[in-house]
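Dumped target-v4.txt below, it's compact mmCIF, C-alpha atoms:
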# COMPACT_ATOMS: atom_id res chain seq x y z
CA MET A 1 57.28 110.01 143.42
CA LYS A 2 59.96 110.38 140.78
CA LEU A 3 58.53 108.74 137.67
CA GLY A 4 60.77 107.73 134.79
CA ILE A 5 59.30 107.12 131.35
CA ILE A 6 61.36 105.40 128.68
CA ILE A 7 59.88 105.94 125.26
CA THR A 8 61.03 103.37 122.73
CA THR A 9 58.27 103.58 120.13
CA ASP A 10 56.22 106.30 118.48
CA ARG A 11 52.97 104.38 118.94
CA HIS A 12 51.83 105.72 122.30
CA LEU A 13 51.87 109.51 122.09
CA ASP A 14 48.46 109.86 123.77
CA HIS A 15 49.57 107.74 126.72
CA VAL A 16 52.90 109.59 127.05
CA VAL A 17 51.08 112.91 127.17
CA GLY A 18 48.24 111.66 129.39
CA ILE A 19 50.42 109.95 131.97
CA THR A 20 52.98 112.78 132.07
CA GLN A 21 50.33 115.45 132.51
CA ALA A 22 48.48 113.44 135.16
CA ALA A 23 51.67 112.75 137.11
CA SER A 24 52.86 116.34 136.82
CA ALA A 25 49.48 117.68 137.99
CA LYS A 26 49.70 115.47 141.07
CA GLY A 27 53.08 117.02 141.92
CA HIS A 28 55.23 114.07 140.88
CA ASP A 29 58.58 114.66 139.20
CA VAL A 30 58.61 113.16 135.72
CA SER A 31 61.69 112.34 133.69
CA ILE A 32 61.26 111.29 130.07
CA PHE A 33 63.94 109.62 127.97
CA ALA A 34 63.26 108.85 124.30
CA MET A 35 65.29 106.39 122.26
CA ASP A 36 64.91 104.12 119.23
CA SER A 37 61.76 104.99 117.26
CA GLY A 38 60.50 106.85 120.32
CA THR A 39 62.64 109.79 119.17
CA ARG A 40 60.18 110.26 116.29
CA LEU A 41 57.78 111.82 118.79
CA LEU A 42 59.93 114.95 118.58
CA ALA A 43 57.88 115.81 115.50
CA TYR A 44 54.78 116.29 117.68
CA PRO A 45 54.30 119.58 119.59
CA GLU A 46 52.11 117.76 122.15
CA PHE A 47 55.22 115.78 123.04
CA THR A 48 57.86 118.51 122.98
CA GLN A 49 55.65 120.89 124.97
CA LEU A 50 55.69 118.52 127.93
CA CYS A 51 59.05 120.01 128.88
CA THR A 52 57.40 123.34 129.74
CA ALA A 53 56.08 121.95 133.04
CA ASP A 54 58.33 122.74 136.01
CA ASN A 55 58.44 119.14 137.21
CA VAL A 56 59.06 117.47 133.84
CA VAL A 57 62.52 116.94 132.34
CA MET A 58 63.14 115.45 128.93
CA SER A 59 66.12 113.95 127.17
CA LEU A 60 66.72 111.74 124.19
CA CYS A 61 69.33 109.52 122.66
CA GLN A 62 70.91 111.54 119.89
CA HIS A 63 72.32 108.36 118.34
CA SER A 64 68.78 106.98 117.98
CA ALA A 65 67.48 110.27 116.59
CA SER A 66 70.18 110.21 113.97
CA ASP A 67 69.43 106.57 113.10
CA GLN A 68 65.73 107.36 112.82
CA GLY A 69 66.33 110.41 110.65
CA VAL A 70 64.76 112.69 113.26
CA ASN A 71 65.46 116.38 112.82
CA THR A 72 66.66 117.79 116.15
CA GLU A 73 67.40 121.30 114.91
CA GLY A 74 65.41 124.00 116.62
CA ILE A 75 64.02 121.86 119.42
CA SER A 76 63.57 123.45 122.82
CA LYS A 77 66.73 123.93 124.88
CA GLU A 78 64.84 122.29 127.71
CA ILE A 79 65.09 118.95 125.88
CA VAL A 80 68.53 117.45 126.36
CA LEU A 81 70.09 115.93 123.26
CA GLY A 82 71.91 113.25 125.15
CA SER A 83 72.87 109.62 125.20
CA GLN A 84 72.23 106.39 127.08
CA PHE A 85 73.87 108.11 130.05
CA ASN A 86 70.70 110.19 130.44
CA ASN A 87 68.67 106.98 130.63
CA ALA A 88 71.07 105.61 133.22
CA MET A 89 70.67 108.76 135.32
CA MET A 90 66.90 108.61 135.03
CA ASN A 91 66.77 104.95 136.13
CA ASN A 92 69.16 105.63 138.97
CA GLU A 93 67.07 108.49 140.31
CA ALA A 94 63.52 107.30 139.61
CA ASP A 95 61.28 105.54 142.12
CA LYS A 96 59.29 103.89 139.32
CA VAL A 97 60.06 103.50 135.63
CA ILE A 98 57.60 102.64 132.88
CA SER A 99 58.22 102.21 129.17
CA LEU A 100 55.89 103.24 126.39
CA MET B 1 53.98 92.44 147.06
CA LYS B 2 51.75 94.56 144.78
CA ILE B 3 52.72 94.22 141.13
CA LEU B 4 51.25 96.35 138.37
CA TYR B 5 51.47 95.25 134.75
CA ILE B 6 50.72 97.89 132.14
CA PHE B 7 49.95 96.44 128.73
CA ASN B 8 50.83 99.07 126.15
CA ASP B 9 49.49 97.05 123.26
CA GLY B 10 46.97 94.78 124.94
CA PRO B 11 47.46 91.54 126.92
CA ASP B 12 50.54 89.53 126.00
CA GLU B 13 51.06 85.77 126.13
CA LYS B 14 54.64 85.94 127.44
CA ALA B 15 53.78 88.40 130.17
CA THR B 16 50.89 86.17 131.14
CA LYS B 17 53.36 83.32 131.77
CA LEU B 18 55.20 85.51 134.28
CA ILE B 19 51.99 86.75 135.85
CA GLU B 20 50.69 83.21 136.36
CA GLU B 21 53.83 82.44 138.38
CA GLN B 22 53.93 85.73 140.24
CA LYS B 23 50.33 85.75 141.33
CA ASN B 24 50.93 82.66 143.47
CA ASP B 25 52.65 84.82 146.08
CA ASN B 26 51.74 88.36 145.09
CA LYS B 27 48.85 90.62 144.25
CA VAL B 28 49.04 91.26 140.51
CA GLU B 29 46.96 93.94 138.81
CA THR B 30 46.87 94.60 135.08
CA VAL B 31 45.98 97.74 133.17
CA ASP B 32 45.32 97.51 129.45
CA LEU B 33 46.12 100.81 127.74
CA THR B 34 44.21 99.74 124.64
CA ASN B 35 41.09 100.17 126.77
CA LYS B 36 39.96 103.69 125.86
CA GLU B 37 38.39 104.19 129.29
CA THR B 38 41.73 104.08 131.11
CA SER B 39 42.05 107.01 133.51
CA TYR B 40 45.56 108.45 133.54
CA ASP B 41 44.90 109.92 137.00
CA GLU B 42 44.05 106.50 138.38
CA LEU B 43 46.95 104.88 136.53
CA VAL B 44 49.46 107.30 138.07
CA ASP B 45 48.04 106.50 141.53
CA LYS B 46 48.41 102.79 140.84
CA ILE B 47 52.00 103.26 139.66
CA GLU B 48 52.79 105.16 142.86
CA GLN B 49 51.10 102.66 145.14
CA CYS B 50 52.45 99.42 143.68
CA ASP B 51 55.73 97.83 144.73
CA LYS B 52 56.78 96.92 141.18
CA VAL B 53 55.56 98.22 137.85
CA ILE B 54 56.17 96.36 134.62
CA SER B 55 55.01 98.03 131.44
CA TRP B 56 54.88 95.48 128.67
CA MET C 1 72.02 104.75 145.85
CA SER C 2 72.67 102.06 143.28
CA LYS C 3 69.77 100.22 141.72
CA LYS C 4 69.17 96.72 140.39
CA ILE C 5 67.71 96.80 136.90
CA ALA C 6 66.30 93.90 134.88
CA VAL C 7 65.91 94.24 131.12
CA ILE C 8 63.57 91.71 129.51
CA ILE C 9 64.21 91.26 125.82
CA LYS C 10 60.89 90.96 124.01
CA ASP C 11 61.60 91.56 120.36
CA ARG C 12 64.06 94.38 119.69
CA GLN C 13 67.13 92.55 120.89
CA ASP C 14 69.90 94.84 119.65
CA GLU C 15 68.44 98.03 121.09
CA ALA C 16 67.64 96.23 124.34
CA ILE C 17 71.27 95.18 124.64
CA ARG C 18 72.52 98.68 123.82
CA MET C 19 70.22 100.09 126.50
CA SER C 20 71.33 97.45 129.03
CA ILE C 21 74.98 98.41 128.58
CA GLY C 22 74.11 102.09 128.89
CA LEU C 23 72.22 101.49 132.12
CA THR C 24 75.47 100.48 133.85
CA LEU C 25 76.87 104.01 133.45
CA MET C 26 75.60 105.05 136.90
CA ASP C 27 77.10 101.91 138.47
CA ASP C 28 73.71 100.27 138.73
CA SER C 29 73.55 96.49 138.52
CA VAL C 30 71.94 95.30 135.28
CA ASP C 31 70.90 91.83 134.14
CA VAL C 32 69.18 90.68 130.96
CA PHE C 33 66.32 88.18 130.81
CA LEU C 34 65.14 86.33 127.73
CA LEU C 35 61.70 84.76 127.73
CA ASP C 36 61.31 81.85 125.30
CA ARG C 37 64.40 82.85 123.34
CA ASP C 38 68.19 83.10 123.36
CA LEU C 39 70.47 85.93 122.35
CA VAL C 40 71.08 85.87 118.63
CA LYS C 41 74.60 86.92 117.75
CA THR C 42 75.01 88.89 114.54
CA LYS C 43 77.83 90.91 113.02
CA ASP C 44 76.04 94.07 114.13
CA ASN C 45 75.61 93.12 117.80
CA GLU C 46 78.67 90.91 118.38
CA LEU C 47 80.65 93.66 120.08
CA ASN C 48 77.73 94.64 122.30
CA ILE C 49 77.15 91.03 123.36
CA GLU C 50 80.83 90.77 124.31
CA THR C 51 80.46 94.03 126.23
CA LEU C 52 77.63 92.49 128.30
CA ASP C 53 80.19 90.05 129.67
CA GLU C 54 82.78 92.74 130.25
CA MET C 55 80.25 94.85 132.18
CA ASP C 56 79.24 91.82 134.27
CA ILE C 57 75.72 91.90 132.86
CA LYS C 58 74.35 88.40 133.22
CA THR C 59 71.94 86.97 130.68
CA TYR C 60 69.30 84.39 131.58
CA SER C 61 66.88 82.43 129.43
CA ASN C 62 64.09 80.02 130.34
CA ILE C 63 65.16 77.81 127.43
CA GLU C 64 67.57 75.04 128.34
CA GLY C 65 70.77 74.66 126.35
CA CYS C 66 71.10 78.23 125.13
CA THR C 67 74.65 79.05 124.07
CA GLU C 68 74.62 82.73 125.05
CA SER C 69 72.67 82.71 128.32
CA ALA C 70 72.28 80.80 131.56
CA TYR C 71 69.17 78.69 132.08
CA ILE C 72 66.59 79.48 134.71
CA PRO C 73 63.09 78.00 134.77
CA THR C 74 60.20 80.35 134.04
CA ALA C 75 58.95 80.17 137.64
CA THR C 76 62.38 81.15 138.95
CA MET C 77 62.64 83.96 136.43
CA ALA C 78 59.24 85.29 137.47
CA ARG C 79 60.27 85.32 141.14
CA GLU C 80 63.79 86.62 140.50
CA LEU C 81 62.53 89.58 138.47
CA LEU C 82 60.76 90.89 141.55
CA SER C 83 64.09 91.41 143.30
CA TYR C 84 64.97 94.19 140.86
CA ASP C 85 64.13 97.85 141.41
CA HIS C 86 63.18 98.41 137.78
CA ILE C 87 61.94 95.76 135.35
CA LEU C 88 62.12 96.97 131.78
CA PRO C 89 60.66 94.87 128.97
CA TYR C 90 62.02 95.97 125.59
Represent the structure of the file as structure tokens.
Amino acid sequence: MKLGIIITTDRHLDHVVGITQAASAKGHDVSIFAMDSGTRLLAYPEFTQLCTADNVVMSLCQHSASDQGVNTEGISKEIVLGSQFNNAMMNNEADKVISL
Amino acid sequence: MKILYIFNDGPDEKATKLIEEQKNDNKVETVDLTNKETSYDELVDKIEQCDKVISW
Amino acid sequence: MSKKIAVIIKDRQDEAIRMSIGLTLMDDSVDVFLLDRDLVKTKDNELNIETLDEMDIKTYSNIEGCTESAYIPTATMARELLSYDHILPY
């Protein structure tokens, strides 16, 4: 399964990490897109480190990050500083999409 | 059709209105993420096995 | 393969609309559903609401007489949502 996760709030870090790790361990491909206040999760290493798994890709809406005052300097190159286009790609490719 | 609702912040009145209609012709399952005993392993399996997932 | 995507506006209307417009960028079909509410036009979202029309994103509400969206009963909305590949409450 290709699982898409749209993160629109910063309230569910534990679930983001738990679901991503569980899906990744089962061999599913996971794509994460953060926007709105979800971009605030960039401040948490537990979140940013998810991109180190081979079958997890991460991107975020840079416009949202800017709006939310999120510092994107120095974040892993594996995390794409993108736009709503990245969300569109994720939804187009994913078998299932959840939002957290 | 198997429909999975994931409640991120507990059960929701508006979602319940949709569920009441949908469960007439479908199998609807709900998972409440505010329940600390939720197994992420089991949740991923449910997401994979359902026809539609709606995280509310 | 193109997808059908439903966005359900819960509370954060402006971001939900911005996301809905963005979701069309891969030529997927996107529609917006409003449960117990209508779109509220403001100076900040006026352009995005006009863009919904331009991108052929239809908006539906279960409230009769809404000015910005077409009416469908709750039961129809509940059934119709299941025809979409992804259903994204926001």
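Close contacts of B:Val53, defined as residues with an atom at most 8 Å away when counting all atoms listed in the file, with chain neighbours fewer than 3 positions off set aside, comprise Lys96, Val97 and Ile98 of chain A; Ile3, Leu4, Tyr5, Ile6, Ile47 and Cys50 of chain B; His86 and Ile87 of chain C.
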Output C-alpha atoms for every residue in that selection, as a PDB file, in the frame of the given file.
ATOM      1  CA  LYS A  96      59.290 103.890 139.320  1.00  0.00           C
ATOM      2  CA  VAL A  97      60.060 103.500 135.630  1.00  0.00           C
ATOM      3  CA  ILE A  98      57.600 102.640 132.880  1.00  0.00           C
TER       4      ILE A  98
ATOM      5  CA  ILE B   3      52.720  94.220 141.130  1.00  0.00           C
ATOM      6  CA  LEU B   4      51.250  96.350 138.370  1.00  0.00           C
ATOM      7  CA  TYR B   5      51.470  95.250 134.750  1.00  0.00           C
ATOM      8  CA  ILE B   6      50.720  97.890 132.140  1.00  0.00           C
ATOM      9  CA  ILE B  47      52.000 103.260 139.660  1.00  0.00           C
ATOM     10  CA  CYS B  50      52.450  99.420 143.680  1.00  0.00           C
TER      11      CYS B  50
ATOM     12  CA  HIS C  86      63.180  98.410 137.780  1.00  0.00           C
ATOM     13  CA  ILE C  87      61.940  95.760 135.350  1.00  0.00           C
TER      14      ILE C  87
END
Which residues of chain A have any atom within 12 Å of an atom in chain C when counting only C-alpha atoms, and what is the closest pair of atoms for each, with the distance in Å to one decimal? Order the rows by chain and rising number and write it as a tab-separated table.
residue	atom	partner	partner_atom	distance
A:Leu3	CA	C:His86	CA	11.3
A:Gly4	CA	C:His86	CA	10.1
A:Ile5	CA	C:Leu88	CA	10.5
A:Ile6	CA	C:Leu88	CA	9.0
A:Ile7	CA	C:Tyr90	CA	10.2
A:Thr8	CA	C:Tyr90	CA	8.0
A:Thr9	CA	C:Tyr90	CA	10.1
A:Phe33	CA	C:Met19	CA	11.5
A:Ala34	CA	C:Met19	CA	11.4
A:Met35	CA	C:Glu15	CA	9.0
A:Asp36	CA	C:Glu15	CA	7.3
A:Ser37	CA	C:Glu15	CA	10.4
A:Gly38	CA	C:Glu15	CA	11.9
A:Cys61	CA	C:Met19	CA	10.2
A:His63	CA	C:Arg18	CA	11.1
A:Ser64	CA	C:Glu15	CA	9.5
A:Asp67	CA	C:Glu15	CA	11.7
A:Gly82	CA	C:Gly22	CA	12.0
A:Ser83	CA	C:Gly22	CA	8.5
A:Gln84	CA	C:Gly22	CA	5.0
A:Phe85	CA	C:Leu25	CA	6.1
A:Asn86	CA	C:Gly22	CA	8.9
A:Asn87	CA	C:Leu23	CA	6.7
A:Ala88	CA	C:Leu23	CA	4.4
A:Met89	CA	C:Met26	CA	6.4
A:Met90	CA	C:Leu23	CA	9.4
A:Asn91	CA	C:Leu23	CA	7.6
A:Asn92	CA	C:Lys3	CA	6.1
A:Glu93	CA	C:Met1	CA	8.3
A:Ala94	CA	C:His86	CA	9.1
A:Asp95	CA	C:Asp85	CA	8.2
A:Lys96	CA	C:His86	CA	6.9
A:Val97	CA	C:His86	CA	6.3
A:Ile98	CA	C:Leu88	CA	7.3
A:Ser99	CA	C:Leu88	CA	7.0
A:Leu100	CA	C:Tyr90	CA	9.5
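For the pair atom CA of A:Gln68 and atom CA of A:Arg40, the separation is 7.2 Å.
Near B:Thr38, within 12 Å and counting all atoms listed in the file, sit Asp14, His15, Gly18 and Ile19 of chain A; Ile6, Phe7, Asn8, Thr30, Val31, Asp32, Val44 and Lys46 of chain B; same-chain residues fewer than 6 positions away were not included.
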Notebook entry, point to check: Please, which residues of chain C lie no more than 10 Å from chain B when the count uses all atoms listed in the file, and can they be set out as a PyMOL selection string?
Noted result: chain C and resi 8+10+35-36+74-90
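Here atom CA of C:Lys58 and atom CA of C:Phe33 stand 8.4 Å from one another.
Each of A:Met58, A:Ile79, A:Leu13, A:Ala23 was compared to B:Ser39 using all atoms listed in the file, and A:Ala23 turns out to be the nearest.
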inquiry  = Using all atoms listed in the file and a cutoff of 10 Å, can you tell me which residues are near (61.2, 115.8, 129.9) in the file's coordinates, and write them out as an MDAnalysis selection string?
reply    = chainID A and resid 4:5 20 29:34 47:60 78:80
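Distance-wise, atom CA of C:Glu54 and atom CA of C:Ser29 end up 12.9 Å apart.
Among the candidate residues B:Gly10, B:Lys2, B:Asp45, B:Thr16, the one lying nearest to B:Val28 is B:Lys2, with distances computed using all atoms listed in the file.
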